[in-house]
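Each remark here refers to the structure printed beneath this line.
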Amino acid sequence: MAYRYTLELLAGLAIVAFCALFLYTSATMSGAEFAGSDHVGSGLIAKLSGNPVENFQPLIPQWVPPSGEIEACLFALQAAVGGILVGAVFGFWAGQARGRTVE
Amino acid sequence: MHIMEGFLPWQWCLIWWIVALPCLMLGIYQLKKVLALDREALPLLGVTGGFIFILSSFKLPSVTGSCSHPTGTGLSTISFGPWITAVVCAIVLLFQSLFLAHGGLSTLGANIVSMGIIGPLVGYGVYRLLRDTSVNVYVTVFLVTALADMFTYVTTSLELALAYPAETGGVASSFILFLCIFAVTQIPLAIVEGVVLALVFKYILTLKPDILIRLKVFSEEKINAARSEC
């Protein structure tokens with residue numbers, strides 16, 4: 001019973017430490033753009049192949065979100081789909097568990 | 001970990017698709033089998049898949065001054081194994097390549113291999129190693145999740161190193177360069193993901209321990225012990 005919330009505490013601490021690490025990095029690392037590692041990796045591909053990034057053309061035509069805002073909206077939509085799934089199932093299970101207790 | 005569309009030579013795209021397709025077919029076969037045996041596995045699949053959707057959409061800043069995202073594959077790997085996880089990852093990666101231009105259709109095979117196959121396979125190996133030992137259930141979930149995440153990015157680095165060996169040092173030198181970008185960025189994210197998904201597993205254990213016992217995820221004794229611990 002004494003350890004009932006150990007995992008909650010650990011998860012909270014991990015998130016706080018992660019945020020503190022970000023604040024420290026952004027304060028001490030001058031010029032850090034916090035771009036996606038995919039883009040940084042693409043830059044290294046260009047360097048290793050001796051081809052500028054612009055020369056890499058899609059092999060299969062691809063739709064690209066017209067703006068960063070629309071991209072953020074679609075990412076939020078993806079997270080929302082996951083959130084709805086998780087919330088619905090946990091709610092269903094919690095209801096079942098409550099039903100069992102009442103019986 | 002997404003290899004962007006057009007950034008992998010077509011020969012390598014083909015090779016990774018050839019690796020990914022049989023794994024996906026095995027995953028679909030296993031999924032049908034699991035759901036035919038026990039329909040109550042479907043909500044658990046929803047939860048584990050839901051976390052892949054949620055966590056892979058979070059672009060978080062890291063110590064290298066760039067951003068990356070967790071994979072969320074640990075729970076699915078433990079509950080359903082690596083092949084079914086590959087199917088769920090393929091759906092997420094297809095969504096991201098079609099609507100977000102993250103990854104692409106030609107590089108989808110390579111991205112499925114890293115996030116949906118090799119990462120979960122490493123995690124599954126750790127799970128099988130620890131499942132029947134006295135190691136705590138939550139420590140097992142933490143290790144599986146964190147290592148599945150890390151090895152996803154190690155695999156992406158290897159895929160890129162094979163396609164783009166450095167002039168001096170070849171594949172090994174290129175692999176280290178890509179590891180410095182992908183894997184180092186991922187270390188803090190993998191740790192946080194491991195702790196958070198261990199917490200989520202606690203809630204699954206609290207609300208629905210019977211499905212985990214029926215799917216033989218852990219033994220009944222181990223699940224009961226874990227429930228009384230936290």
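Every chain in the structure tokens has a letter given in the order shown (A, B, ...), and although residue numbers restart at 1 in each chain, ligands are simply numbered from 1 in the order shown.
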So that I can see what lies close to segment 123-128 of chain B, please list as a PyMOL selection string the residues with an atom at most 7 Å from it, counting only C-alpha atoms and leaving out residues fewer than 4 positions away in the same chain.
chain B and resi 74+77-78+81-82+119+140+144-145+147-148
Limited to N, CA and C atoms, could you put the picked residues into a file as a PDB file, in the first residue's frame?
ATOM      1  N   GLY B  74       5.842  -0.603 -27.452  1.00  0.00           N
ATOM      2  CA  GLY B  74       6.121  -1.548 -26.354  1.00  0.00           C
ATOM      3  C   GLY B  74       4.909  -2.332 -25.876  1.00  0.00           C
ATOM      4  N   THR B  77       3.779  -4.861 -28.411  1.00  0.00           N
ATOM      5  CA  THR B  77       4.771  -5.943 -28.510  1.00  0.00           C
ATOM      6  C   THR B  77       4.564  -6.955 -27.394  1.00  0.00           C
ATOM      7  N   ILE B  78       4.365  -6.461 -26.169  1.00  0.00           N
ATOM      8  CA  ILE B  78       4.174  -7.361 -25.026  1.00  0.00           C
ATOM      9  C   ILE B  78       2.847  -8.121 -25.140  1.00  0.00           C
ATOM     10  N   GLY B  81       2.836  -9.445 -29.519  1.00  0.00           N
ATOM     11  CA  GLY B  81       4.020  -9.896 -30.255  1.00  0.00           C
ATOM     12  C   GLY B  81       4.392  -8.938 -31.383  1.00  0.00           C
ATOM     13  N   PRO B  82       5.528  -9.170 -32.020  1.00  0.00           N
ATOM     14  CA  PRO B  82       6.051  -8.212 -33.000  1.00  0.00           C
ATOM     15  C   PRO B  82       5.297  -8.184 -34.332  1.00  0.00           C
ATOM     16  N   GLY B 119      12.494  -2.965 -34.162  1.00  0.00           N
ATOM     17  CA  GLY B 119      12.312  -2.413 -32.803  1.00  0.00           C
ATOM     18  C   GLY B 119      11.476  -3.352 -31.941  1.00  0.00           C
ATOM     19  N   THR B 140       9.997  -4.966 -16.587  1.00  0.00           N
ATOM     20  CA  THR B 140       9.984  -5.637 -17.900  1.00  0.00           C
ATOM     21  C   THR B 140       9.337  -4.729 -18.953  1.00  0.00           C
ATOM     22  N   VAL B 144      11.271  -3.273 -22.245  1.00  0.00           N
ATOM     23  CA  VAL B 144      10.771  -3.630 -23.583  1.00  0.00           C
ATOM     24  C   VAL B 144      10.443  -2.360 -24.370  1.00  0.00           C
ATOM     25  N   THR B 145       9.723  -1.443 -23.728  1.00  0.00           N
ATOM     26  CA  THR B 145       9.296  -0.215 -24.402  1.00  0.00           C
ATOM     27  C   THR B 145      10.494   0.637 -24.799  1.00  0.00           C
ATOM     28  N   LEU B 147      13.671  -0.176 -25.140  1.00  0.00           N
ATOM     29  CA  LEU B 147      14.579  -0.792 -26.120  1.00  0.00           C
ATOM     30  C   LEU B 147      13.931  -0.908 -27.503  1.00  0.00           C
ATOM     31  N   ALA B 148      12.621  -1.164 -27.543  1.00  0.00           N
ATOM     32  CA  ALA B 148      11.926  -1.200 -28.846  1.00  0.00           C
ATOM     33  C   ALA B 148      12.030   0.177 -29.508  1.00  0.00           C
TER      34      ALA B 148
END
Select all residues from chain B having any atom no more than 7 Å from an atom of chain A (counting only C-alpha atoms, ignoring ligands), output as a PyMOL selection string.
chain B and resi 1-3+5-7+43+46-47+50-51+53-54+57+61-63+65-68+98-101+105-106+164+166+178+181-182+192+195-196+199+207-208+229-230
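The protein and nucleic acid residues lying at most 7 Å from Ala183 of chain B are Met150, Tyr153 and Val154 of chain B, with only C-alpha atoms considered and sequence neighbours fewer than 6 positions away removed.
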Expected answer as number ranges by chain: strand (DSSP E) residues in segment 2-230 of chain B:
B: 60-61, 66-68
To one decimal in Å, tell me the separation between atom CA of Gly109 of chain B and atom CA of Ala90 of chain B.
8.7 Å
Near-Cys23 of chain B list (8 Å; only C-alpha atoms; drop same-chain fewer than 5 positions) as a JSON list (two decimals) with N, CA and C atoms, in the first residue's frame:
[["chain", "number", "residue", "atom", "x", "y", "z"],
["B", 83, "TRP", "N", 4.71, -9.30, -34.74],
["B", 83, "TRP", "CA", 4.11, -9.32, -36.09],
["B", 83, "TRP", "C", 2.81, -8.52, -36.14],
["B", 86, "ALA", "N", 3.62, -4.99, -36.12],
["B", 86, "ALA", "CA", 4.04, -4.51, -37.45],
["B", 86, "ALA", "C", 2.83, -4.03, -38.25],
["B", 117, "ILE", "N", 9.03, -3.71, -37.12],
["B", 117, "ILE", "CA", 9.57, -5.08, -37.08],
["B", 117, "ILE", "C", 10.82, -5.20, -36.17]]
Would you work out the distance separating atom CA of Gly49 of chain B from atom CA of Val217 of chain B, expressed in Å to one decimal?
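Calculated distance between atom CA of Gly49 of chain B and atom CA of Val217 of chain B is 16.5 Å.
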